[in-house]
Each structure stands twice: as C-alpha cells, then as structure tokens.
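A.B. asks: Just so it is clear, I am handing over query.txt, which has compact mmCIF, C-alpha atoms and all ligand atoms.
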# COMPACT_ATOMS: atom_id res chain seq x y z
CA MET K 220 -19.29 59.03 79.34
CA SER K 221 -19.63 60.95 76.08
CA ARG K 222 -19.78 64.70 75.94
CA ALA K 223 -22.35 66.38 73.73
CA LEU K 224 -21.84 69.54 71.70
CA VAL K 225 -25.11 71.17 70.63
CA VAL K 226 -24.77 73.71 67.82
CA GLN K 227 -27.69 76.14 67.71
CA THR K 228 -27.02 79.47 66.06
CA SER K 229 -30.52 80.23 64.76
CA PHE K 230 -33.16 82.62 66.07
CA LEU K 231 -34.00 83.11 69.74
CA GLY K 232 -37.13 80.95 69.51
CA ASP K 233 -35.08 78.06 68.10
CA MET K 234 -32.63 78.33 70.98
CA ILE K 235 -35.46 78.20 73.51
CA LEU K 236 -36.95 75.16 71.78
CA THR K 237 -33.56 73.41 71.88
CA THR K 238 -33.56 73.31 75.70
CA PRO K 239 -35.57 70.03 75.90
CA LEU K 240 -32.90 68.36 73.71
CA ILE K 241 -30.17 69.76 75.97
CA ARG K 242 -32.01 68.50 79.06
CA GLU K 243 -32.28 65.04 77.52
CA LEU K 244 -28.61 64.91 76.54
CA ALA K 245 -27.55 66.04 80.02
CA ARG K 246 -28.88 62.73 81.35
CA ARG K 247 -26.02 61.07 79.48
CA GLY K 248 -23.11 63.39 80.18
CA PRO K 249 -21.88 66.98 80.02
CA VAL K 250 -23.41 69.25 77.38
CA ASP K 251 -21.68 72.22 75.80
CA VAL K 252 -23.50 74.59 73.44
CA VAL K 253 -22.42 76.79 70.56
CA ALA K 254 -24.78 79.79 70.46
CA THR K 255 -24.95 83.28 68.99
CA PRO K 256 -23.89 86.11 71.32
CA ALA K 257 -27.52 87.29 71.36
CA ASN K 258 -28.81 83.92 72.55
CA ALA K 259 -25.94 82.82 74.81
CA GLY K 260 -27.31 84.70 77.83
CA LEU K 261 -30.49 82.67 77.65
CA LEU K 262 -28.53 79.61 78.80
CA ALA K 263 -27.12 81.25 81.94
CA ASN K 264 -27.88 79.25 85.12
CA ASN K 265 -29.16 76.32 83.03
CA PRO K 266 -28.20 73.28 85.12
CA HIS K 267 -27.99 71.11 82.00
CA VAL K 268 -25.35 73.21 80.25
CA ARG K 269 -21.66 73.06 81.13
CA HIS K 270 -20.11 75.59 78.74
CA VAL K 271 -21.56 78.03 76.24
CA TYR K 272 -19.30 78.98 73.32
CA ARG K 273 -20.27 82.21 71.62
CA TYR K 274 -20.13 82.12 67.86
CA ASP K 275 -20.56 85.57 66.34
CA LYS K 276 -20.70 84.22 62.82
CA ARG K 277 -21.66 87.54 61.23
CA GLY K 278 -19.40 89.69 63.39
CA ALA K 279 -16.22 88.97 65.32
CA HIS K 280 -16.00 85.36 64.11
CA ALA K 281 -16.81 85.99 60.47
CA GLY K 282 -14.09 84.57 58.23
CA ALA K 283 -11.60 81.73 58.59
CA ARG K 284 -9.77 83.11 61.60
CA GLY K 285 -12.92 83.50 63.67
CA PHE K 286 -14.12 80.08 62.58
CA ARG K 287 -10.85 78.52 63.76
CA GLU K 288 -11.19 80.29 67.09
CA VAL K 289 -14.61 78.73 67.75
CA VAL K 290 -13.32 75.35 66.54
CA ARG K 291 -10.53 75.55 69.09
CA LEU K 292 -12.94 76.41 71.91
CA ALA K 293 -15.45 73.70 71.06
CA ALA K 294 -12.99 70.96 70.07
CA ALA K 295 -13.86 67.38 70.95
CA ASP K 296 -12.10 65.85 73.94
CA GLY K 297 -12.26 62.30 72.67
CA ALA K 298 -13.63 59.92 70.06
CA SER K 299 -16.87 59.28 71.97
CA ASP K 300 -17.96 62.93 71.92
CA ILE K 301 -21.01 63.64 69.76
CA ALA K 302 -22.10 66.82 67.96
CA TYR K 303 -25.80 67.57 67.55
CA LEU K 304 -26.51 69.98 64.72
CA ALA K 305 -29.69 71.68 65.86
CA GLN K 306 -28.90 74.36 63.30
CA GLY K 307 -28.46 72.77 59.91
CA SER K 308 -26.08 74.93 57.90
CA VAL K 309 -22.99 73.63 56.16
CA ARG K 310 -20.94 76.01 58.33
CA SER K 311 -22.25 74.44 61.57
CA ALA K 312 -21.60 70.94 60.26
CA ALA K 313 -18.11 71.91 59.14
CA LEU K 314 -17.41 73.40 62.56
CA ALA K 315 -18.28 70.09 64.22
CA ALA K 316 -16.22 68.10 61.71
CA VAL K 317 -13.12 70.28 61.94
CA ALA K 318 -13.47 70.36 65.76
CA GLY K 319 -12.97 66.60 65.75
CA TYR K 320 -16.44 65.19 66.41
CA ILE K 321 -16.43 61.79 64.78
CA GLU K 322 -20.19 61.39 65.33
CA ARG K 323 -22.28 64.26 63.90
CA ILE K 324 -26.07 64.08 64.11
CA GLY K 325 -28.65 66.23 62.39
CA PHE K 326 -31.72 66.31 60.16
CA GLU K 327 -31.77 64.58 56.80
CA THR K 328 -33.20 67.76 55.24
CA SER K 329 -30.47 70.12 56.46
CA ALA K 330 -28.04 71.81 54.10
CA GLY K 331 -25.12 70.35 56.03
CA ARG K 332 -26.45 66.78 55.96
CA TRP K 333 -23.67 65.47 53.72
CA LEU K 334 -21.26 66.14 56.60
CA TYR K 335 -23.40 64.24 59.14
CA THR K 336 -22.71 60.68 60.21
CA ARG K 337 -26.33 60.10 61.34
CA ARG K 338 -29.44 61.73 59.93
CA TYR K 339 -32.92 61.83 61.42
CA PRO K 340 -36.18 62.72 59.68
CA TYR K 341 -37.40 66.27 59.98
CA ARG K 342 -40.95 65.45 61.11
CA ARG K 343 -43.08 68.24 59.70
CA ASP K 344 -46.11 66.93 61.60
CA ARG K 345 -44.41 67.44 65.00
CA HIS K 346 -43.72 70.40 67.23
CA HIS K 347 -40.28 71.87 66.59
CA ALA K 348 -39.29 71.13 70.19
CA GLU K 349 -40.05 67.47 69.49
CA ARG K 350 -38.16 67.54 66.19
CA LEU K 351 -35.07 68.86 67.98
CA TRP K 352 -35.52 66.51 70.94
CA SER K 353 -35.69 63.55 68.55
CA LEU K 354 -32.05 64.22 67.58
CA ALA K 355 -31.21 62.49 70.88
CA GLY K 356 -32.44 59.30 69.24
CA HIS K 357 -36.13 59.37 70.03
CA GLY K 358 -38.16 59.04 66.89
CA GLY K 359 -41.19 56.86 67.57
CA ASP K 360 -44.74 57.30 66.30
CA GLU K 361 -45.95 58.47 69.72
CA SER K 362 -45.09 61.97 70.84
CA PRO K 363 -43.89 62.30 74.44
CA GLU K 364 -45.92 64.14 77.04
CA VAL K 365 -45.86 67.89 76.63
CA GLY K 366 -43.86 68.23 79.85
CA VAL K 367 -40.93 66.43 78.21
CA LEU K 368 -41.00 68.95 75.39
CA ARG K 369 -41.63 72.07 77.44
CA PRO K 370 -38.58 74.36 77.17
CA ALA K 371 -37.01 75.87 80.27
CA VAL K 372 -34.93 78.91 81.13
CA TYR K 373 -33.48 79.80 84.51
CA PRO K 374 -33.53 83.46 85.57
CA GLY K 375 -31.00 84.13 88.33
CA ASP K 376 -31.16 86.44 91.33
CA ALA K 377 -29.96 89.44 89.30
CA ASP K 378 -32.66 88.82 86.69
CA GLU K 379 -35.35 88.56 89.36
CA ALA K 380 -34.07 91.74 90.99
CA ALA K 381 -34.08 93.61 87.67
CA ALA K 382 -37.68 92.55 87.00
CA GLN K 383 -38.73 93.62 90.47
CA ARG K 384 -36.95 96.98 90.14
CA LEU K 385 -38.85 97.66 86.95
CA LEU K 386 -42.16 96.88 88.63
CA ASP K 387 -41.29 99.01 91.65
CA ALA K 388 -40.31 101.91 89.40
CA ASN K 389 -43.76 101.69 87.81
CA ALA K 390 -45.56 101.64 91.16
CA HIS K 391 -46.79 98.11 90.74
CA VAL K 392 -48.49 97.19 94.00
CA GLY K 393 -49.52 93.61 93.47
CA GLU K 394 -52.29 93.80 90.85
CA PRO K 395 -52.38 90.76 88.54
CA LEU K 396 -49.86 91.25 85.75
CA LEU K 397 -51.07 90.70 82.20
CA ALA K 398 -48.25 90.55 79.66
CA VAL K 399 -48.51 91.41 75.99
CA ALA K 400 -45.72 91.05 73.44
CA PRO K 401 -46.85 92.89 70.30
CA GLY K 402 -43.67 92.63 68.22
CA SER K 403 -42.36 90.28 65.56
CA VAL K 404 -39.57 90.48 63.05
CA TRP K 405 -42.13 89.64 60.36
CA ALA K 406 -44.65 92.45 59.90
CA THR K 407 -47.58 90.26 58.87
CA LYS K 408 -47.33 88.32 62.14
CA ARG K 409 -47.99 91.44 64.22
CA TRP K 410 -51.64 91.47 65.29
CA PRO K 411 -52.84 95.07 64.86
CA TYR K 412 -55.19 95.44 67.84
CA TYR K 413 -52.93 95.14 70.89
CA ALA K 414 -53.66 98.68 72.05
CA ALA K 415 -57.42 98.06 72.02
CA LEU K 416 -56.89 94.73 73.79
CA ALA K 417 -54.71 96.36 76.44
CA ARG K 418 -57.44 98.87 77.23
CA ARG K 419 -59.84 96.00 77.90
CA LEU K 420 -57.22 94.08 79.90
CA THR K 421 -56.80 96.98 82.32
CA LEU K 422 -60.12 95.90 83.82
CA LEU K 423 -58.47 92.61 84.82
CA GLY K 424 -55.08 93.81 86.06
CA ARG K 425 -51.94 95.74 85.13
CA VAL K 426 -50.73 95.39 81.57
CA VAL K 427 -47.00 95.03 80.97
CA VAL K 428 -45.53 95.25 77.46
CA LEU K 429 -42.58 92.99 76.66
CA GLY K 430 -40.25 93.18 73.71
CA SER K 431 -37.02 94.55 72.39
CA GLU K 432 -35.92 98.13 71.89
CA GLY K 433 -37.36 97.92 68.37
CA ASP K 434 -40.84 97.36 69.81
CA ARG K 435 -40.84 100.66 71.70
CA GLU K 436 -43.22 102.38 69.29
CA LEU K 437 -45.78 99.56 69.60
CA ALA K 438 -45.42 99.74 73.38
CA GLN K 439 -45.95 103.49 73.46
CA ALA K 440 -49.20 103.12 71.52
CA ILE K 441 -50.37 100.65 74.18
CA VAL K 442 -49.30 102.91 77.03
CA GLY K 443 -51.20 105.79 75.42
CA GLU K 444 -54.35 103.75 74.89
CA THR K 445 -54.33 102.69 78.56
CA PHE K 446 -53.94 106.34 79.72
CA GLY K 447 -50.44 105.62 80.96
CA SER K 448 -51.24 102.65 83.18
CA ALA K 449 -49.50 99.97 81.07
CA ILE K 450 -45.87 99.30 81.97
CA ASP K 451 -43.46 99.57 79.05
CA ALA K 452 -40.73 96.97 79.64
CA THR K 453 -39.48 96.90 76.05
CA GLY K 454 -35.71 97.04 75.75
CA GLN K 455 -35.23 97.36 79.50
CA LEU K 456 -34.47 93.81 80.57
CA SER K 457 -32.15 91.00 79.51
CA LEU K 458 -33.73 87.87 78.06
CA LEU K 459 -33.71 86.20 81.47
CA GLY K 460 -34.93 89.42 83.10
CA SER K 461 -37.87 89.33 80.70
CA ALA K 462 -38.42 85.69 81.62
CA ALA K 463 -38.42 86.63 85.31
CA LEU K 464 -41.04 89.29 84.63
CA LEU K 465 -43.07 86.95 82.47
CA ARG K 466 -43.08 84.33 85.21
CA ARG K 467 -44.91 86.83 87.41
CA ALA K 468 -47.67 87.31 84.82
CA ARG K 469 -51.07 85.63 84.98
CA VAL K 470 -51.28 85.52 81.20
CA LEU K 471 -49.24 86.31 78.10
CA VAL K 472 -50.75 87.39 74.78
CA THR K 473 -48.22 87.21 71.98
CA ASN K 474 -47.78 86.68 68.26
CA ASP K 475 -46.13 83.61 66.78
CA SER K 476 -42.68 84.84 67.82
CA ALA K 477 -39.93 84.35 70.40
CA PRO K 478 -41.90 85.65 73.46
CA LEU K 479 -44.40 82.84 72.91
CA HIS K 480 -41.62 80.32 73.54
CA LEU K 481 -40.26 82.32 76.46
CA GLY K 482 -43.76 82.12 77.96
CA SER K 483 -43.71 78.34 77.52
CA ALA K 484 -40.26 78.21 79.12
CA VAL K 485 -41.55 79.78 82.36
CA ASP K 486 -44.97 78.12 81.99
CA THR K 487 -47.00 81.30 81.92
CA PRO K 488 -50.57 80.77 80.64
CA THR K 489 -50.25 81.77 77.00
CA VAL K 490 -52.53 82.94 74.20
CA GLY K 491 -50.72 82.67 70.86
CA LEU K 492 -52.07 84.75 67.97
CA PHE K 493 -51.48 83.08 64.61
CA GLY K 494 -52.12 84.80 61.28
CA PRO K 495 -50.07 83.92 58.19
CA THR K 496 -48.61 80.92 60.03
CA VAL K 497 -50.36 78.05 61.82
CA PRO K 498 -49.40 76.04 64.92
CA ALA K 499 -49.18 72.91 62.76
CA LEU K 500 -45.88 74.28 61.39
CA GLY K 501 -44.48 73.29 64.78
CA PHE K 502 -44.25 76.47 66.81
CA GLY K 503 -47.39 76.55 68.99
CA PRO K 504 -47.34 77.32 72.72
CA LEU K 505 -46.28 74.59 75.19
CA ALA K 506 -47.32 76.19 78.48
CA THR K 507 -49.61 74.07 80.64
CA ALA K 508 -52.48 76.50 80.02
CA ARG K 509 -52.37 77.55 76.41
CA ARG K 510 -54.68 78.64 73.68
CA VAL K 511 -54.27 79.57 70.06
CA ALA K 512 -56.40 82.39 68.64
CA GLU K 513 -56.69 82.44 64.86
CA VAL K 514 -59.11 82.99 62.00
CA PRO K 515 -60.31 79.53 61.04
CA MET K 516 -61.38 78.52 57.54
CA LEU K 517 -59.26 81.12 55.78
CA GLU K 518 -58.00 79.23 52.76
CA CYS K 519 -54.84 81.24 52.22
CA ARG K 520 -53.43 80.25 55.65
CA PRO K 521 -50.62 79.46 56.04
CA CYS K 522 -49.03 81.42 53.23
CA ASP K 523 -45.43 81.30 54.45
CA ALA K 524 -43.29 79.39 56.94
CA HIS K 525 -42.30 82.60 58.73
CA GLY K 526 -44.84 85.17 57.63
CA PRO K 527 -44.33 87.33 54.53
CA ARG K 528 -43.32 90.99 54.73
CA GLU K 529 -46.63 91.98 53.13
CA CYS K 530 -49.85 90.11 52.58
CA PRO K 531 -49.62 88.71 49.03
CA LEU K 532 -53.41 89.10 48.76
CA THR K 533 -53.25 92.61 50.28
CA HIS K 534 -56.34 92.12 52.53
CA TRP K 535 -54.37 90.63 55.48
CA ARG K 536 -57.57 89.05 56.78
CA CYS K 537 -55.65 86.42 58.78
CA MET K 538 -54.89 89.14 61.33
CA ARG K 539 -57.46 91.84 60.61
CA ASP K 540 -60.36 89.43 61.13
CA LEU K 541 -59.06 88.24 64.49
CA THR K 542 -61.03 90.43 66.87
CA VAL K 543 -60.33 91.76 70.33
CA SER K 544 -63.35 89.77 71.55
CA ASP K 545 -61.85 86.55 70.11
CA VAL K 546 -58.60 87.19 71.98
CA LEU K 547 -60.33 88.19 75.22
CA GLU K 548 -62.28 84.95 75.15
CA ALA K 549 -59.00 83.05 74.79
CA VAL K 550 -57.48 85.08 77.65
CA GLU K 551 -60.37 84.11 79.90
CA SER K 552 -59.97 80.43 79.05
CA VAL K 553 -56.25 80.32 79.88
CA ARG K 554 -56.86 82.24 83.08
CA ARG K 555 -59.20 79.40 83.98
CA GLY K 556 -56.30 77.04 83.27
CA GLU K 557 -57.67 75.48 80.11
CA GLU K 558 -55.53 73.98 77.35
CA THR K 559 -56.24 74.43 73.65
S1 LIG C 1 -52.25 85.59 52.18
FE1 LIG C 1 -53.67 85.05 53.79
S2 LIG C 1 -52.40 84.10 55.36
FE2 LIG C 1 -51.03 85.25 54.03
S3 LIG C 1 -50.81 87.26 54.97
FE3 LIG C 1 -52.50 87.38 53.51
S4 LIG C 1 -54.34 86.98 54.68
FE4 LIG C 1 -52.58 86.27 55.86
If you took the structure in this file and wrote it as structure tokens, what would it be?
Ligand code: SF4
C.D. replies:
Amino acid sequence: MSRALVVQTSFLGDMILTTPLIRELARRGPVDVVATPANAGLLANNPHVRHVYRYDKRGAHAGARGFREVVRLAAADGASDIAYLAQGSVRSAALAAVAGYIERIGFETSAGRWLYTRRYPYRRDRHHAERLWSLAGHGGDESPEVGVLRPAVYPGDADEAAAQRLLDANAHVGEPLLAVAPGSVWATKRWPYYAALARRLTLLGRVVVLGSEGDRELAQAIVGETFGSAIDATGQLSLLGSAALLRRARVLVTNDSAPLHLGSAVDTPTVGLFGPTVPALGFGPLATARRVAEVPMLECRPCDAHGPRECPLTHWRCMRDLTVSDVLEAVESVRRGEET
C-alpha cells in the first residue's frame, strides 16, 4: 500500500478544493498533507487525512534550516510513496524530492514541473476541484458528478459548541440564518451592496456576517444598516467554527473568495457573486443548490485571474451594475433548492 503526501501551501480556497483529491487518494492508502499553519486547522477531524505537517514557509520555516525540518517530518517511508504537488512551486517540488519521494506528480504548467516524474494537463476548462482531483490519475473527457468534486470539512464538537455559543450570545432563537461573507483579499471582488442586501434579508430571517478580523468594518456597516439585528461573527470563530455556523445557514451570499468554497464544503445553498472574475476560471460554487449572480454581456469580464486591485477601466461596472434585486432573486432560487 503506497502512502500519499499532498503538498498544498496555497490560499485557503485552494486547500478546501484539494479535499476531493485527498478523499480519492485515501481510498488507496494513508494520506499525509503539508499545509500552511493558517490552513492546517481546516483538516482537523478529516477522516481521510492521517497527518498534517505545518509548513510556515514565510515564517518559522523560512530558510534552509526550516526547510530541512519539514523535509524530515514529511519524509517518505518507502519507494512506493507518492507526492502530489497540488501547489506548484519549485520549493514544494524540491521538498518532495529531498524528502525521498521517487514519484512526484503535478501539473505540466507548474513552475516546479521539471522536478516532477509525472505531469498532468492543467485543464483550464474544468473546475479547480476537478483539476486537482485529476492528479490522482483521472483525466478523461467526461467530468465526474459534482458530488465527487464537492469539497468537505469536518467541524468537531468544539467547533459546533463555539458556533452555538456565538448564536446564544446574540439571542438567536431559531429564526432562519442567512449568511453573508462580504470580504475578499482583492478589492474589486467585493460587491459593494451587502449592507443594502442585508436589510432586505432581515425580512426572511437573521443575517449573520462571516469573515476574518479584517472584515470587521464591512460587518459593522451591515450591522448598522440592519439596526443592530445582524450578527457579526467576523474574526470570532476558527475556520471549522465558521463552517459549523455556515452549516446552520439556509443560504450563503458571498464573493468569489474562500467562504464560497467553505459553503460548498458544508453544502449550504450558495449564491456566488462574480465581478472581475467568472466561474469558468474554475472557482464556482459546488453546493447542491447554487447560483451565480453576475453582470452578463460585459465585455471586459474577466479582466484578471484573481481580480485587480482597482478597476483598470475605473467604472467597475462588473460589480456596480449587479443589483440587490438581482442577488435577491438568486437567493430565492437557491432557497427553493435550484441549481445554476
Ligand atoms: S475592467 Fe471590467 S471586469 Fe475588470 S474590474 Fe473593471 S468592470 Fe470589472
């Protein structure tokens, strides 16, 4: 039985979208994962993961000594062990090589590809979860069912308790929870009308705002617009605590950012708001009930793989023209259980 080492040290969303690959590899043998400290907690309780090795590549493990430390932790046990480079840097590939993995698998477009022993196409026409999943050796013309590609995370008892404590502290008494996640690292991906949307959503249930500490200002604007009824959960829960809260929600409205994938991972009906990016880049929602809201027929879309810091055309119509009514219509459709 071969052991798999999955190296994924990219953004949170990438880690979430790597879980279908991990699930697939676990059918063949034990799976260990190299992850950033920020993302490692996401894999807690995951039944398909044996060990998580934290690689703080920009902090404690920066430099040769730290690199050697992670190499020692993640070293191959035998010649049949295989490394899967879900993150494609030269550093990740070198880590797998120095750690003794004779077989190293990754994408043919990755920077570290010259250190791989097997390369697979990076299928730009596929969802990123499928691209990563295909590293397990699946690369046919037909995509698998969405259930195969749906990511998964596993909140534990402590995460559930933390989510419940937060609701209790905000006097939540069983109204339907409606989650919004207004943040994004990339400014042009932040839809500007969350506060107005939240005010309308209060007619349907209790709004809860998810995000990191850095999203607090956006959350406070929403709380103010809802006359204090919205629950500000930003920066108060761990990743799995947020997942536990999200699992209780009837719907999630989010930008093209990590919370969208967290929503897919707990299968919360999801409305994804896409502006400078498009779902065809491979990062659309995978929840059973899902809908994308976007401004169609805008020729400048997409203008960037991630979303630029500022609109290069200055008008930012990809987000400004997406109205609260458009998003409410999408919310209603996912609440009815419809797919895109
Ligand atoms: S160029 Fe177009 S797609 Fe890009 S940010 Fe501006 S409006 Fe949006």
A.B. asks: Return as an NGL selection string the residues of protein, DNA or RNA that approach ligand LIG 1 (chain C) to within 8 Å, with only C-alpha atoms and all ligand atoms taken into account.
C.D. replies: :K and (407 or 494-496 or 517-523 or 526-527 or 529-538)
A.B. asks: Determine the nearest neighbour of Leu244 in chain K from the options K:Gly319, K:Gly501, K:Pro266, K:Gly424, counting only C-alpha atoms.
C.D. replies: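 Smallest separation from Leu244 in chain K among the options: K:Pro266.
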A.B. asks: Which residues, written as a list in words, have at least one atom at most 12 Å from Arg342 in chain K, with only C-alpha atoms counted and residues fewer than 5 positions away on the same chain left out?
C.D. replies: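 Listing them by chain and then by number gives Phe326, Glu327, Thr328, His347, Ala348, Glu349, Arg350, Leu351, Trp352, Ser353, Leu354, His357, Gly358, Gly359, Asp360, Ser362, Ala499, Leu500 and Gly501 of chain K.
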A.B. asks: One decimal, in Å: what's the spacing between CA of Val289 in chain K and CA of Arg273 in chain K?
C.D. replies: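 The value is 7.7 Å.
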A.B. asks: Please list as a PDB file with C-alpha atoms, in the frame of the given file every residue within 7 Å of range 391-403 of chain K, counting all atoms listed in the file and excluding residues in the same chain fewer than 6 positions away.
C.D. replies:
ATOM      1  CA  ARG K 409     -47.990  91.440  64.220  1.00  0.00           C
ATOM      2  CA  TYR K 413     -52.930  95.140  70.890  1.00  0.00           C
ATOM      3  CA  GLY K 424     -55.080  93.810  86.060  1.00  0.00           C
ATOM      4  CA  ARG K 425     -51.940  95.740  85.130  1.00  0.00           C
ATOM      5  CA  VAL K 426     -50.730  95.390  81.570  1.00  0.00           C
ATOM      6  CA  VAL K 427     -47.000  95.030  80.970  1.00  0.00           C
ATOM      7  CA  VAL K 428     -45.530  95.250  77.460  1.00  0.00           C
ATOM      8  CA  LEU K 429     -42.580  92.990  76.660  1.00  0.00           C
ATOM      9  CA  GLY K 430     -40.250  93.180  73.710  1.00  0.00           C
ATOM     10  CA  ASP K 434     -40.840  97.360  69.810  1.00  0.00           C
ATOM     11  CA  LEU K 437     -45.780  99.560  69.600  1.00  0.00           C
ATOM     12  CA  LEU K 465     -43.070  86.950  82.470  1.00  0.00           C
ATOM     13  CA  ARG K 467     -44.910  86.830  87.410  1.00  0.00           C
ATOM     14  CA  ALA K 468     -47.670  87.310  84.820  1.00  0.00           C
ATOM     15  CA  ARG K 469     -51.070  85.630  84.980  1.00  0.00           C
ATOM     16  CA  VAL K 470     -51.280  85.520  81.200  1.00  0.00           C
ATOM     17  CA  LEU K 471     -49.240  86.310  78.100  1.00  0.00           C
ATOM     18  CA  VAL K 472     -50.750  87.390  74.780  1.00  0.00           C
ATOM     19  CA  THR K 473     -48.220  87.210  71.980  1.00  0.00           C
ATOM     20  CA  ASN K 474     -47.780  86.680  68.260  1.00  0.00           C
ATOM     21  CA  SER K 476     -42.680  84.840  67.820  1.00  0.00           C
ATOM     22  CA  PRO K 478     -41.900  85.650  73.460  1.00  0.00           C
TER      23      PRO K 478
END
A.B. asks: Report, in Å with one decimal, the straight-line distance from CA of Leu459 in chain K to CA of Pro363 in chain K.
C.D. replies: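 CA of Pro363 in chain K lies at a distance of 26.9 Å from CA of Leu459 in chain K.
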A.B. asks: Counting only C-alpha atoms, which of K:Ala512, K:Ala477, K:Arg343, K:Gly356 gets nearest to Ile324 in chain K?
C.D. replies: K:Gly356
